[in-house]
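Data first, discussion second: the structure below is written as structure tokens.
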Amino acid sequence: MRTGGGKGEKILVSVRVRPRNDKEKTRNDICDWECVNNTTIICNNNLPERSLFPSTYTFDKVFGFDSPTKQVYEDGAKEVALCVLEGINSSIFAYGQTSSGKTYTMSGITEFAMNDIFCYIQKHKEREFTLKFSAIEIYNEAVRDLLSGDNNQLRLLDDPELHQRGTVVEKLIEETLRDRTHLEELLSICETQRKIGETSLNETSSRSHQILRLTIESTGREFSLESSRTLDASVV
């Protein structure tokens, strides 16, 4: 999703298809998906319960079995993630059933996005950047701060400043990043704090929703009509 900056709002939907594992191959109630091209997938199974549903689906992007996470990032997420450097708020999220590969894919996308963001900062010495990071977990309808050492449930509140930021999380920790290593340390903490558990499809399933937020503010080091404008946006 892209908002602000005079570019309006844009939503892109991509699908990543993985092959069935050994356990899934023994079941006849799971659709055998096939990528027709880079925008279309079809369900090859003749399941009675799917007789009322279409067998062909079209999306903005489709990534097949052989598509590495790097390609998923480059073609499906990079443009959205790097909007934050232009002062445009953006969001990337993964949706799918347990064991479909959401955590695996998003971990890779996060790493590639951080590489590009810090590379951009290194190349633009004419601007001063401030990066802030926060992370929450939603588990059984309870919101918890992944950067905090306790398990206290946090409250969702409306922004008291004329509702400019929409809904905010009360007492959420927001760390100002020192460098890339600092961010990696915080991501490691988040991974350790997350709830996991065994399901019929995945022995170490992520049993919660994780939301990572990176806010970037930048200002020109020297005054000029082009570079003095302050850019402030978040990628979630």
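A note on labels: chains of the structure tokens are A, B, ... as shown, every chain counts residues from 1, and ligands are counted from 1 in their shown order.
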Practice item. Could you please write out, as a PyMOL selection string, every residue of stretch 36-166 of chain A that DSSP assigns to strand (DSSP E)? Key: chain A and resi 40-43+56-58+61-63+89-90+127-139+142-145+156-158
Check your understanding: Quick one: DSSP helix (DSSP H, G or I) residues in stretch 25-80 of chain A, as JSON, numbers by chain?
Key -> {"A": [25, 48, 49, 50, 69, 70, 71, 72, 73, 74, 75, 76, 78, 79, 80]}
Could the residues in this selection be saved with C-alpha atoms as a compact mmCIF listing (two decimals), in the first residue's frame?
```txt
# COMPACT_ATOMS: atom_id res chain seq x y z
CA LYS A 25 0.72 -35.21 -0.89
CA PRO A 48 -16.27 -31.77 -5.10
CA GLU A 49 -16.30 -28.98 -2.53
CA ARG A 50 -14.58 -26.68 -5.05
CA THR A 69 12.72 -14.96 -2.00
CA LYS A 70 15.05 -12.42 -3.62
CA GLN A 71 12.83 -12.41 -6.71
CA VAL A 72 9.69 -12.10 -4.58
CA TYR A 73 11.24 -9.04 -2.95
CA GLU A 74 12.54 -7.44 -6.15
CA ASP A 75 9.34 -7.89 -8.18
CA GLY A 76 6.70 -7.84 -5.46
CA LYS A 78 10.90 -3.60 -3.14
CA GLU A 79 9.09 -0.63 -4.64
CA VAL A 80 6.60 -0.58 -1.79
```
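With distances restricted to only C-alpha atoms, A:Glu184 is the closest residue to A:Glu111 from A:Asp232, A:Glu184, A:Asp158, A:Glu217.
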**Study point:** Distance query A:Cys83 at most 9 Å, only C-alpha atoms, self and fewer than 5 positions along chain excluded, as a VMD selection string
**Key:** chain A and resid 2 78 88 to 90 233 to 235
Exercise for review: Name all residues at most 10 Å from A:Ala142 (count only C-alpha atoms; drop same-chain ones fewer than 6 positions away) and give them as a ChimeraX atom specification.
Suggested key: /A:151-155,208
Go ahead and save the picked residues with N, CA, C and O atoms, as a PDB file, in the first residue's frame.
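Written out: out30.pdb:
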```pdb
ATOM      1  N   ASN A 151       5.132  -9.532  29.748  1.00  0.00           N
ATOM      2  CA  ASN A 151       4.030 -10.027  28.919  1.00  0.00           C
ATOM      3  C   ASN A 151       2.754  -9.210  29.083  1.00  0.00           C
ATOM      4  O   ASN A 151       1.659  -9.694  28.815  1.00  0.00           O
ATOM      5  N   ASN A 152       2.903  -7.979  29.548  1.00  0.00           N
ATOM      6  CA  ASN A 152       1.730  -7.141  29.786  1.00  0.00           C
ATOM      7  C   ASN A 152       1.002  -6.823  28.482  1.00  0.00           C
ATOM      8  O   ASN A 152       1.625  -6.552  27.452  1.00  0.00           O
ATOM      9  N   GLN A 153      -0.319  -6.879  28.539  1.00  0.00           N
ATOM     10  CA  GLN A 153      -1.129  -6.555  27.375  1.00  0.00           C
ATOM     11  C   GLN A 153      -1.203  -5.035  27.209  1.00  0.00           C
ATOM     12  O   GLN A 153      -1.418  -4.301  28.174  1.00  0.00           O
ATOM     13  N   LEU A 154      -1.013  -4.571  25.973  1.00  0.00           N
ATOM     14  CA  LEU A 154      -1.054  -3.143  25.684  1.00  0.00           C
ATOM     15  C   LEU A 154      -2.423  -2.742  25.145  1.00  0.00           C
ATOM     16  O   LEU A 154      -3.117  -3.535  24.523  1.00  0.00           O
ATOM     17  N   ARG A 155      -2.778  -1.483  25.392  1.00  0.00           N
ATOM     18  CA  ARG A 155      -4.067  -0.973  24.938  1.00  0.00           C
ATOM     19  C   ARG A 155      -3.915  -0.206  23.630  1.00  0.00           C
ATOM     20  O   ARG A 155      -2.907   0.444  23.389  1.00  0.00           O
ATOM     21  N   SER A 208       1.146 -16.398  16.282  1.00  0.00           N
ATOM     22  CA  SER A 208       0.720 -15.024  16.487  1.00  0.00           C
ATOM     23  C   SER A 208       0.958 -14.210  15.219  1.00  0.00           C
ATOM     24  O   SER A 208       1.601 -14.665  14.277  1.00  0.00           O
TER      25      SER A 208
END
```
Practice item. Fewer than 4 positions away in the same chain doesn't count, so skip those; otherwise give me all residues within 6 Å of stretch 33-46 of chain A, counting only C-alpha atoms, as a ChimeraX atom specification. Key: /A:55-62,64
Give me a file of those residues, with C-alpha atoms, as a CSV table (one decimal), in the first residue's frame.
```csv
chain,number,residue,atom,x,y,z
A,55,SER,CA,-10.3,-22.8,-10.9
A,56,THR,CA,-8.3,-19.9,-12.3
A,57,TYR,CA,-7.2,-16.8,-10.3
A,58,THR,CA,-5.3,-13.7,-11.5
A,59,PHE,CA,-3.2,-11.4,-9.3
A,60,ASP,CA,-0.7,-8.6,-9.8
A,61,LYS,CA,2.2,-11.0,-9.4
A,62,VAL,CA,2.5,-14.8,-9.1
A,64,GLY,CA,6.1,-20.2,-8.6
```
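For the choices A:Val236, A:Ile11, A:Ile109, A:Leu186, the atom-to-atom distance to A:Pro68 is smallest for A:Ile109 when using only C-alpha atoms.
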